[in-house]
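To keep things clear, I will list the structure first and then write my remarks on it.
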Amino acid sequence: MTEIVIAGLVNGILIGGVYALVALGLTLIYGVLHIVNFAHGSLLMVAMFAAWLLAEKAGLSPYAALPVVSLGMFALGWALYRFVIGRVSRGEDRAILLATLGVAVVLDNLFLTIFGGDTRQIETDLTFAMWEIGPLLLSVPKLIAFVVSLALATALWAFMARTDTGRAIRAVAKEPEGARLMGIRPDRIFALAYGIGIACLGAAACLLLPSFFVSPHVGNVFVLVAFTIVVLGGMGSFPGAVVGGLLIGVTESLGGLVLGESLGPIGISLVFIAVLLFRPTGLFGAAR
Amino acid sequence: MKWLALAILAAIPFALPSQSLVNIAMLTAFSAFLGQCWNIAGGFGGLTSFGHAVFFGTGAYTGAILQTRYGLNPWLGLPAGFLLGAAVGAGIGAASFRAGLRGSYFALVTLAFAEVFRVLSNSTDFTRGGLGINIPLNLSWQNFQFADRRATYAVVLALLVLATAAATWLTRSRFGARLAALRENEDAASALGVDLVQTKTLALALSGGLTAMAGVVYAQTYLYIDPTIAFGSERSVEMLLVAMIGGAGTVWGPLLGAVVLHLVADISRNFITTPGFAPMLYGVVLLLIIALLPQGLAGLWATLRERIRRA
């Protein structure tokens, strides 16, 4: 029994690493632009399809495709903000929320129109590879995903903390008007931050693909998970997204173990509701 | 004049020769009803909900369970659904508004509630889990099952009139004025003595109760429901789209929105029949509306009339 629980725990932590990467993009976008990016799950779906297509048609392993897909998603995110979300919303909160919902509806159904509703998977040499440590069996693709996700999260943190661009992004997040007076152009920073947030999804998609399925609806699986992590960790908080990701990975894994396959997913929604109702600043968020 | 024209328009489907045309009219009226229900909270109250399926599903399951488990007359589903839907709305509203949730946070919490209900209905025996509930076929009006689509249309039309009357009441009553004041400026309205939690909660309860009645009608029309049909996010999005495209916070917006969406669906079906194509167009229309006509199509109508009057 203990072994099953420990295995569940480890599995949860591993998947939590990728969740953290997905949530990092969301929390960056929220922290800088103060918008709730409802299209996050759908854009992850787009990235997963991109990685799947590269694997299926070009024979490129998802790990080799990671830089390409991330760059592509950066470009898509940048353009999406520049030409759609930033344009249609005129800075109103409700309009931005609805614009990201509109983008999600368009993307989900565009991919449903093109690819149909089937779920797809790829098999790499590593898909079923297992690593044995004592009594524990670790899935190799999940382990790779965990390590690379945390490495990318650290790199992103270093980028934000150490580079001029990172400083400019943080300046705009705190005080857009003041940043503008210092010669930073907030509208460019907004598009840049949105692009970086979406690039995280490109990396996450490539890391997920060897052990996860793709379908036009796959974004729905992640959208609530990502928001739960972000509110749990505190909207806009980087360490919060990482810790929240790991916590939610474990909650999901143990929830499935204790409550069973069909009732298990309720854990995440309940955590989400409880945090919003009782501690809306999350674990790491500053009180407002 | 306007009323007479609308009444004639609404009566046309009763004279239509084919059941499939009546069916299109019924579905359009059904969407308009759902959009109006969302509009009562989302438009007039500014309570942008992403999870109104929670009310729809509550009603659908209430109607189905009352008759299949307890042998009650299906018509009782309508008042029972209204009461339970209103109770769910009051519960979600009281919890969320007391915690000070608004805007995006409120949208997300409603989405999460719908997901909780979906998972619960998918895993308990009481709702027959993922199998869903089949309502035995027994066509008779006493049994709230109609062979003739015109009868279903009449029921939907009556509910649409009811919801539209509620929306009209919101534009004229003190309660509606308090709700609008909160939507426009929460702090100012609260300072003037409007009870924020109570007012918003009542609006959500009213909206939820009406939405649940749509769920009851759905179950009686298709005689089958399952967790995804009842609580899936597609229903929530459809309700929001109808109201937003037509014009949130206007009495006639949801009617316009429903007509436009069904026109888009029926026209696009002639070109591309792949699933997903019509909903994709809805998304595009929503983006265009947010960008160009924040007041929706009803707002366009008002702007045009104003221009003509000035010219």
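In the structure tokens, chains take letters A, B, ... by order of appearance, with residues numbered from 1 within each chain and ligands from 1 in the order shown.
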
Would you give me, as a Markdown table, each residue of chain B having an atom within 6 Å of an atom of chain A, along with its shortest atom pair and that distance in Å to one decimal, using only C-alpha atoms and sorting by chain and residue number?
| residue | atom | partner | partner_atom | distance |
| --- | --- | --- | --- | --- |
| B:Ala99 | CA | A:Leu277 | CA | 5.3 |
| B:Ala112 | CA | A:Ser269 | CA | 5.4 |
| B:Val116 | CA | A:Ile266 | CA | 5.7 |
| B:Ser123 | CA | A:Ser262 | CA | 5.6 |
| B:Thr274 | CA | A:Thr113 | CA | 5.6 |
| B:Pro275 | CA | A:Thr113 | CA | 5.9 |
| B:Gly276 | CA | A:Asn109 | CA | 4.5 |
| B:Phe277 | CA | A:Thr113 | CA | 5.6 |
| B:Met280 | CA | A:Val106 | CA | 4.5 |
| B:Gly283 | CA | A:Gly102 | CA | 4.8 |
| B:Leu287 | CA | A:Gly102 | CA | 5.8 |
| B:Ala291 | CA | A:Val88 | CA | 4.0 |

Just-selected residues, N, CA, C and O atoms written as a tab-separated table (two decimals), in the first residue's frame:
chain	number	residue	atom	x	y	z
B	99	ALA	N	-17.05	36.35	-0.99
B	99	ALA	CA	-15.59	36.33	-1.05
B	99	ALA	C	-15.05	37.47	-1.92
B	99	ALA	O	-13.84	37.58	-2.11
B	112	ALA	N	-15.43	26.25	-12.69
B	112	ALA	CA	-15.02	25.18	-11.79
B	112	ALA	C	-16.24	24.50	-11.16
B	112	ALA	O	-16.26	23.28	-11.01
B	116	VAL	N	-17.21	20.59	-11.26
B	116	VAL	CA	-17.50	19.76	-10.08
B	116	VAL	C	-18.80	19.00	-10.29
B	116	VAL	O	-18.88	17.78	-10.04
B	123	SER	N	-19.98	10.24	-11.67
B	123	SER	CA	-19.44	9.18	-10.83
B	123	SER	C	-20.37	8.72	-9.72
B	123	SER	O	-19.97	7.91	-8.90
B	274	THR	N	-18.07	19.66	-41.87
B	274	THR	CA	-17.21	19.09	-40.83
B	274	THR	C	-17.62	19.62	-39.45
B	274	THR	O	-17.89	20.82	-39.32
B	275	PRO	N	-17.66	18.74	-38.44
B	275	PRO	CA	-17.98	19.25	-37.11
B	275	PRO	C	-16.94	20.27	-36.67
B	275	PRO	O	-15.75	20.09	-36.94
B	276	GLY	N	-17.38	21.34	-36.07
B	276	GLY	CA	-16.43	22.34	-35.60
B	276	GLY	C	-16.43	23.58	-36.47
B	276	GLY	O	-16.06	24.65	-36.01
B	277	PHE	N	-16.86	23.46	-37.73
B	277	PHE	CA	-16.77	24.62	-38.62
B	277	PHE	C	-17.69	25.75	-38.17
B	277	PHE	O	-17.26	26.90	-38.04
B	280	MET	N	-16.59	27.42	-35.01
B	280	MET	CA	-15.43	28.26	-35.26
B	280	MET	C	-15.88	29.65	-35.74
B	280	MET	O	-15.36	30.67	-35.30
B	283	GLY	N	-16.97	31.81	-32.97
B	283	GLY	CA	-15.84	32.44	-32.29
B	283	GLY	C	-15.37	33.68	-33.03
B	283	GLY	O	-15.09	34.72	-32.43
B	287	LEU	N	-15.33	37.61	-31.75
B	287	LEU	CA	-14.18	38.51	-31.78
B	287	LEU	C	-14.51	39.80	-32.53
B	287	LEU	O	-14.15	40.90	-32.09
B	291	ALA	N	-14.62	43.59	-30.97
B	291	ALA	CA	-13.77	44.62	-31.54
B	291	ALA	C	-14.58	45.81	-32.06
B	291	ALA	O	-14.22	46.96	-31.85

Mind checking which residues fall within 9 Å of B:Pro294, counting only C-alpha atoms, ignoring those fewer than 3 positions away in the same chain, and posting them as a VMD selection string?
-> (chain A and resid 95) or (chain B and resid 244 to 245 247 to 248 289 to 291 297 299)

Quick one: pull the distance between atom CA of A:Ser42 and atom CA of B:Pro254, Å, one decimal.
->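 Taking atom CA of A:Ser42 as the start and atom CA of B:Pro254 as the end point, the length is 26.8 Å.
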
d(atom CA of B:Gly246, atom CA of B:Glu115) in Å = 26.9 Å

Strand (DSSP E or B) residues, from DSSP on the backbone, in stretch 112-265 of chain B, as a list in words |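 The strand (DSSP E or B) residues within stretch 112-265 of chain B come out as Ile133, Asn134, Ser140, Gln145, Tyr224 and Ile225 of chain B.
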
Counting only C-alpha atoms, the residue of B:Tyr222, B:Phe113, B:Trp141, B:Phe44 that sits nearest B:Asn73 |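 When distances to B:Asn73 are compared using only C-alpha atoms, the smallest one comes from B:Trp141.
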
Long-range neighbours of A:Thr165 as a list of chain:residue names, 12 Å cut-off, only C-alpha atoms, 2 positions minimum in chain =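 Residues meeting the cut-off are A:Leu156, A:Ala158, A:Phe159, A:Met160, A:Ala161, A:Arg162, A:Thr163, A:Arg167, A:Ala168, A:Ile169, A:Arg170, A:Ala171, A:Val172, A:Ile184, A:Arg185, A:Pro186, A:Arg188, A:Ile189, A:Phe190, A:Leu192, A:Ala193, A:Ile196.
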
Nearest-residue call for B:Phe97, choices B:Thr62, B:Asn138, B:Gln19, B:Gln198, using only C-alpha atoms = B:Gln198

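The gap separating atom CA of B:Leu160 from atom CA of B:Ala41 is 15.6 Å, in Å to one decimal.
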
Of the candidates B:Ser207, B:Thr152, B:Asn143, B:Thr168, which shows the shortest atom-to-atom distance to B:Phe82, using only C-alpha atoms?
->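 Of all the options, B:Ser207 lies closest to B:Phe82.
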
Residues flagged helix (DSSP H, G or I) by DSSP in stretch 44-279 of chain B, as a ChimeraX atom specification = /B:53-70,74-98,103-123,125-127,129-131,141-143,149-172,174-184,186-191,196-222,227-231,233-246,253-269,277-279

Between B:Lys200, B:Arg150, B:Arg310, B:His262, single out the one closest to B:Gly91, counting only C-alpha atoms.
->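 Ranking B:Lys200, B:Arg150, B:Arg310, B:His262 by distance to B:Gly91, first place goes to B:Lys200.
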
Considering only C-alpha atoms, return as JSON, numbers by chain whatever protein or nucleic-acid residues lie within 10 Å of stretch 247-249 of chain A, sequence-local ones (same chain, fewer than 6 positions apart) excluded.
-> {"A": [8, 9, 10, 11, 12, 13, 14, 15, 16, 17, 18, 19, 20, 225, 226, 228, 229, 232, 233, 241, 255, 267, 268, 271, 272]}

Selected residue, from B:Tyr153, B:Trp169, B:Phe117, B:Tyr70, that lies nearest to B:Phe55 when counting only C-alpha atoms |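 Ranked by minimum distance to B:Phe55, first place goes to B:Phe117.
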
For B:Val88, list every protein, DNA or RNA residue within 10 Å, evaluated using only C-alpha atoms, and leave out those in the same chain fewer than 4 positions away; present the list as a list in words.
->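 Within the cut-off, the hits are Val54, Phe55, Thr58, Phe82, Leu83, Leu84, Ile92, Gly93, Ala94, Phe113, Leu204, Ala205, Gly208, Gly209 and Ala212 of chain B.
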
Only all heavy atoms, please: the residues just picked out, written as a CSV table (one decimal), in the first residue's frame.
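See result.csv below for the written result:
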chain,number,residue,atom,x,y,z
B,54,VAL,N,-23.9,24.7,-15.3
B,54,VAL,CA,-24.2,24.1,-14.0
B,54,VAL,C,-25.7,24.2,-13.7
B,54,VAL,O,-26.3,23.3,-13.1
B,54,VAL,CB,-23.3,24.8,-12.9
B,54,VAL,CG1,-23.8,26.2,-12.6
B,54,VAL,CG2,-23.3,24.0,-11.6
B,55,PHE,N,-26.3,25.3,-14.2
B,55,PHE,CA,-27.8,25.4,-14.0
B,55,PHE,C,-28.6,24.6,-14.9
B,55,PHE,O,-29.6,23.9,-14.6
B,55,PHE,CB,-28.2,26.9,-14.1
B,55,PHE,CG,-27.4,27.8,-13.2
B,55,PHE,CD1,-26.6,28.8,-13.8
B,55,PHE,CD2,-27.3,27.6,-11.8
B,55,PHE,CE1,-25.9,29.7,-13.0
B,55,PHE,CE2,-26.6,28.4,-11.0
B,55,PHE,CZ,-25.8,29.5,-11.6
B,58,THR,N,-28.4,21.0,-13.9
B,58,THR,CA,-29.2,20.8,-12.6
B,58,THR,C,-30.6,20.6,-13.0
B,58,THR,O,-31.3,19.7,-12.5
B,58,THR,CB,-29.0,22.0,-11.7
B,58,THR,OG1,-27.7,22.2,-11.3
B,58,THR,CG2,-29.9,21.8,-10.4
B,82,PHE,N,-36.7,24.9,-11.6
B,82,PHE,CA,-36.5,26.4,-11.3
B,82,PHE,C,-36.0,26.5,-9.9
B,82,PHE,O,-35.1,27.3,-9.7
B,82,PHE,CB,-37.8,27.1,-11.6
B,82,PHE,CG,-37.7,28.6,-11.2
B,82,PHE,CD1,-37.2,29.5,-12.2
B,82,PHE,CD2,-38.0,29.1,-10.0
B,82,PHE,CE1,-37.1,30.8,-11.9
B,82,PHE,CE2,-37.8,30.4,-9.7
B,82,PHE,CZ,-37.4,31.3,-10.7
B,83,LEU,N,-36.7,25.9,-9.0
B,83,LEU,CA,-36.3,26.0,-7.6
B,83,LEU,C,-34.9,25.6,-7.3
B,83,LEU,O,-34.1,26.3,-6.7
B,83,LEU,CB,-37.3,25.3,-6.7
B,83,LEU,CG,-38.7,25.9,-6.6
B,83,LEU,CD1,-39.6,25.1,-5.7
B,83,LEU,CD2,-38.6,27.4,-6.0
B,84,LEU,N,-34.6,24.4,-7.8
B,84,LEU,CA,-33.2,23.9,-7.6
B,84,LEU,C,-32.2,24.7,-8.3
B,84,LEU,O,-31.1,25.0,-7.7
B,84,LEU,CB,-33.1,22.4,-8.0
B,84,LEU,CG,-33.4,21.4,-7.0
B,84,LEU,CD1,-33.3,20.0,-7.6
B,84,LEU,CD2,-32.3,21.5,-5.9
B,92,ILE,N,-23.9,29.4,-5.2
B,92,ILE,CA,-22.7,29.9,-5.8
B,92,ILE,C,-22.5,31.4,-5.7
B,92,ILE,O,-21.4,31.9,-5.4
B,92,ILE,CB,-22.7,29.5,-7.3
B,92,ILE,CG1,-22.7,28.0,-7.5
B,92,ILE,CG2,-21.5,30.1,-8.1
B,92,ILE,CD1,-22.8,27.5,-8.9
B,93,GLY,N,-23.7,32.1,-5.8
B,93,GLY,CA,-23.6,33.5,-5.7
B,93,GLY,C,-23.2,34.0,-4.3
B,93,GLY,O,-22.2,34.8,-4.2
B,94,ALA,N,-23.9,33.5,-3.3
B,94,ALA,CA,-23.5,33.9,-2.0
B,94,ALA,C,-22.1,33.6,-1.6
B,94,ALA,O,-21.4,34.5,-1.1
B,94,ALA,CB,-24.5,33.2,-1.0
B,113,PHE,N,-17.3,25.3,-10.8
B,113,PHE,CA,-18.5,24.7,-10.2
B,113,PHE,C,-19.1,23.7,-11.3
B,113,PHE,O,-19.6,22.6,-10.9
B,113,PHE,CB,-19.5,25.8,-9.8
B,113,PHE,CG,-19.2,26.2,-8.4
B,113,PHE,CD1,-18.8,27.5,-8.1
B,113,PHE,CD2,-19.5,25.4,-7.3
B,113,PHE,CE1,-18.6,27.9,-6.8
B,113,PHE,CE2,-19.3,25.8,-6.0
B,113,PHE,CZ,-18.8,27.1,-5.8
B,204,LEU,N,-28.2,36.1,-9.9
B,204,LEU,CA,-27.7,34.8,-10.3
B,204,LEU,C,-28.7,33.7,-10.0
B,204,LEU,O,-28.9,32.8,-10.8
B,204,LEU,CB,-26.4,34.5,-9.6
B,204,LEU,CG,-25.6,33.4,-10.2
B,204,LEU,CD1,-25.2,33.7,-11.6
B,204,LEU,CD2,-24.4,33.0,-9.3
B,205,ALA,N,-29.5,33.8,-8.9
B,205,ALA,CA,-30.5,32.8,-8.6
B,205,ALA,C,-31.6,32.9,-9.7
B,205,ALA,O,-32.1,31.8,-10.2
B,205,ALA,CB,-31.1,33.1,-7.2
B,208,GLY,N,-30.2,31.5,-12.8
B,208,GLY,CA,-30.0,30.0,-12.7
B,208,GLY,C,-31.3,29.2,-12.7
B,208,GLY,O,-31.4,28.2,-13.3
B,209,GLY,N,-32.4,29.8,-12.0
B,209,GLY,CA,-33.6,29.1,-12.0
B,209,GLY,C,-34.2,29.0,-13.4
B,209,GLY,O,-34.7,27.9,-13.9
B,212,ALA,N,-32.3,26.5,-15.6
B,212,ALA,CA,-32.6,25.1,-15.2
B,212,ALA,C,-33.9,24.7,-15.9
B,212,ALA,O,-34.0,23.5,-16.4
B,212,ALA,CB,-32.8,25.0,-13.7

For B:Ser121, list every protein, DNA or RNA residue within 9 Å, evaluated using only C-alpha atoms, and leave out those in the same chain fewer than 2 positions away; present the list as JSON, numbers by chain.
-> {"B": [61, 116, 117, 118, 119, 123, 124, 125, 126, 127, 128, 129, 130, 132, 226, 227, 231]}

Write the residues you've just listed into a file as a tab-separated table (two decimals), in the first residue's frame, and include all heavy atoms for each of them.
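The resulting file, selection.tsv, is reproduced below:
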chain	number	residue	atom	x	y	z
B	61	TYR	N	-31.13	17.17	-14.99
B	61	TYR	CA	-31.12	16.01	-14.10
B	61	TYR	C	-32.31	16.02	-13.16
B	61	TYR	O	-32.85	14.96	-12.82
B	61	TYR	CB	-29.80	15.95	-13.31
B	61	TYR	CG	-28.72	15.19	-14.05
B	61	TYR	CD1	-27.65	15.84	-14.63
B	61	TYR	CD2	-28.80	13.81	-14.19
B	61	TYR	CE1	-26.67	15.15	-15.32
B	61	TYR	CE2	-27.83	13.10	-14.87
B	61	TYR	CZ	-26.77	13.77	-15.44
B	61	TYR	OH	-25.80	13.07	-16.13
B	116	VAL	N	-17.21	20.59	-11.26
B	116	VAL	CA	-17.50	19.76	-10.08
B	116	VAL	C	-18.80	19.00	-10.29
B	116	VAL	O	-18.88	17.78	-10.04
B	116	VAL	CB	-17.60	20.65	-8.81
B	116	VAL	CG1	-18.23	19.88	-7.66
B	116	VAL	CG2	-16.22	21.15	-8.41
B	117	PHE	N	-19.83	19.69	-10.78
B	117	PHE	CA	-21.11	19.02	-11.00
B	117	PHE	C	-20.99	17.93	-12.08
B	117	PHE	O	-21.60	16.88	-11.98
B	117	PHE	CB	-22.19	20.04	-11.41
B	117	PHE	CG	-22.84	20.73	-10.23
B	117	PHE	CD1	-22.08	21.42	-9.30
B	117	PHE	CD2	-24.21	20.66	-10.05
B	117	PHE	CE1	-22.67	22.04	-8.22
B	117	PHE	CE2	-24.82	21.28	-8.96
B	117	PHE	CZ	-24.04	21.97	-8.05
B	118	ARG	N	-20.18	18.22	-13.11
B	118	ARG	CA	-20.01	17.23	-14.18
B	118	ARG	C	-19.34	15.96	-13.63
B	118	ARG	O	-19.82	14.86	-13.86
B	118	ARG	CB	-19.15	17.79	-15.32
B	118	ARG	CG	-19.14	16.90	-16.56
B	118	ARG	CD	-18.11	17.36	-17.57
B	118	ARG	NE	-16.74	17.22	-17.10
B	118	ARG	CZ	-16.08	16.06	-17.04
B	118	ARG	NH1	-16.66	14.96	-17.47
B	118	ARG	NH2	-14.86	16.01	-16.57
B	119	VAL	N	-18.28	16.15	-12.85
B	119	VAL	CA	-17.58	14.99	-12.31
B	119	VAL	C	-18.49	14.22	-11.35
B	119	VAL	O	-18.55	12.99	-11.38
B	119	VAL	CB	-16.28	15.43	-11.59
B	119	VAL	CG1	-15.63	14.25	-10.89
B	119	VAL	CG2	-15.31	16.04	-12.58
B	123	SER	N	-19.98	10.24	-11.67
B	123	SER	CA	-19.44	9.18	-10.83
B	123	SER	C	-20.37	8.72	-9.72
B	123	SER	O	-19.97	7.91	-8.90
B	123	SER	CB	-18.08	9.61	-10.24
B	123	SER	OG	-18.12	10.93	-9.81
B	124	THR	N	-21.62	9.24	-9.68
B	124	THR	CA	-22.52	8.71	-8.66
B	124	THR	C	-23.64	7.88	-9.31
B	124	THR	O	-24.04	8.15	-10.44
B	124	THR	CB	-23.17	9.83	-7.83
B	124	THR	OG1	-23.79	10.74	-8.73
B	124	THR	CG2	-22.17	10.57	-6.99
B	125	ASP	N	-24.09	6.89	-8.57
B	125	ASP	CA	-25.16	6.02	-9.06
B	125	ASP	C	-26.48	6.75	-9.21
B	125	ASP	O	-27.28	6.45	-10.08
B	125	ASP	CB	-25.36	4.85	-8.09
B	125	ASP	CG	-24.63	3.62	-8.59
B	125	ASP	OD1	-24.17	3.66	-9.75
B	125	ASP	OD2	-24.52	2.65	-7.82
B	126	PHE	N	-26.69	7.72	-8.31
B	126	PHE	CA	-27.95	8.46	-8.29
B	126	PHE	C	-28.25	9.08	-9.66
B	126	PHE	O	-29.40	9.14	-10.08
B	126	PHE	CB	-27.85	9.54	-7.21
B	126	PHE	CG	-29.13	10.27	-6.97
B	126	PHE	CD1	-30.25	9.59	-6.50
B	126	PHE	CD2	-29.22	11.63	-7.20
B	126	PHE	CE1	-31.44	10.25	-6.27
B	126	PHE	CE2	-30.41	12.30	-6.97
B	126	PHE	CZ	-31.52	11.61	-6.51
B	127	THR	N	-27.20	9.52	-10.36
B	127	THR	CA	-27.39	10.11	-11.69
B	127	THR	C	-27.03	9.12	-12.78
B	127	THR	O	-26.88	9.49	-13.94
B	127	THR	CB	-26.50	11.36	-11.83
B	127	THR	OG1	-25.17	11.01	-11.48
B	127	THR	CG2	-26.97	12.49	-10.93
B	128	ARG	N	-26.81	7.86	-12.41
B	128	ARG	CA	-26.44	6.79	-13.34
B	128	ARG	C	-25.10	7.04	-14.02
B	128	ARG	O	-24.85	6.52	-15.11
B	128	ARG	CB	-27.55	6.53	-14.35
B	128	ARG	CG	-28.86	6.12	-13.69
B	128	ARG	CD	-29.89	5.61	-14.67
B	128	ARG	NE	-29.38	4.62	-15.60
B	128	ARG	CZ	-29.27	3.32	-15.33
B	128	ARG	NH1	-29.67	2.87	-14.17
B	128	ARG	NH2	-28.80	2.50	-16.22
B	129	GLY	N	-24.24	7.81	-13.38
B	129	GLY	CA	-22.86	7.97	-13.83
B	129	GLY	C	-22.73	8.35	-15.29
B	129	GLY	O	-23.57	9.06	-15.85
B	130	GLY	N	-21.69	7.83	-15.92
B	130	GLY	CA	-21.40	8.17	-17.31
B	130	GLY	C	-22.42	7.60	-18.29
B	130	GLY	O	-22.45	8.00	-19.45
B	132	GLY	N	-25.54	7.99	-18.22
B	132	GLY	CA	-26.59	8.97	-18.47
B	132	GLY	C	-27.96	8.38	-18.18
B	132	GLY	O	-28.08	7.21	-17.80
B	226	ASP	N	-26.63	13.08	-20.38
B	226	ASP	CA	-25.46	12.51	-19.70
B	226	ASP	C	-24.62	13.68	-19.15
B	226	ASP	O	-24.95	14.84	-19.42
B	226	ASP	CB	-24.67	11.58	-20.64
B	226	ASP	CG	-23.97	12.32	-21.76
B	226	ASP	OD1	-23.80	13.55	-21.67
B	226	ASP	OD2	-23.58	11.66	-22.74
B	227	PRO	N	-23.59	13.38	-18.37
B	227	PRO	CA	-22.86	14.47	-17.70
B	227	PRO	C	-22.30	15.54	-18.65
B	227	PRO	O	-22.32	16.73	-18.33
B	227	PRO	CB	-21.72	13.73	-17.00
B	227	PRO	CG	-22.27	12.38	-16.72
B	227	PRO	CD	-23.13	12.06	-17.91
B	231	PHE	N	-23.57	19.24	-18.24
B	231	PHE	CA	-22.68	20.18	-17.56
B	231	PHE	C	-21.47	20.58	-18.40
B	231	PHE	O	-20.57	21.24	-17.90
B	231	PHE	CB	-22.20	19.59	-16.24
B	231	PHE	CG	-23.31	19.36	-15.23
B	231	PHE	CD1	-23.68	18.08	-14.87
B	231	PHE	CD2	-23.97	20.44	-14.68
B	231	PHE	CE1	-24.71	17.87	-13.94
B	231	PHE	CE2	-24.99	20.24	-13.75
B	231	PHE	CZ	-25.36	18.95	-13.38
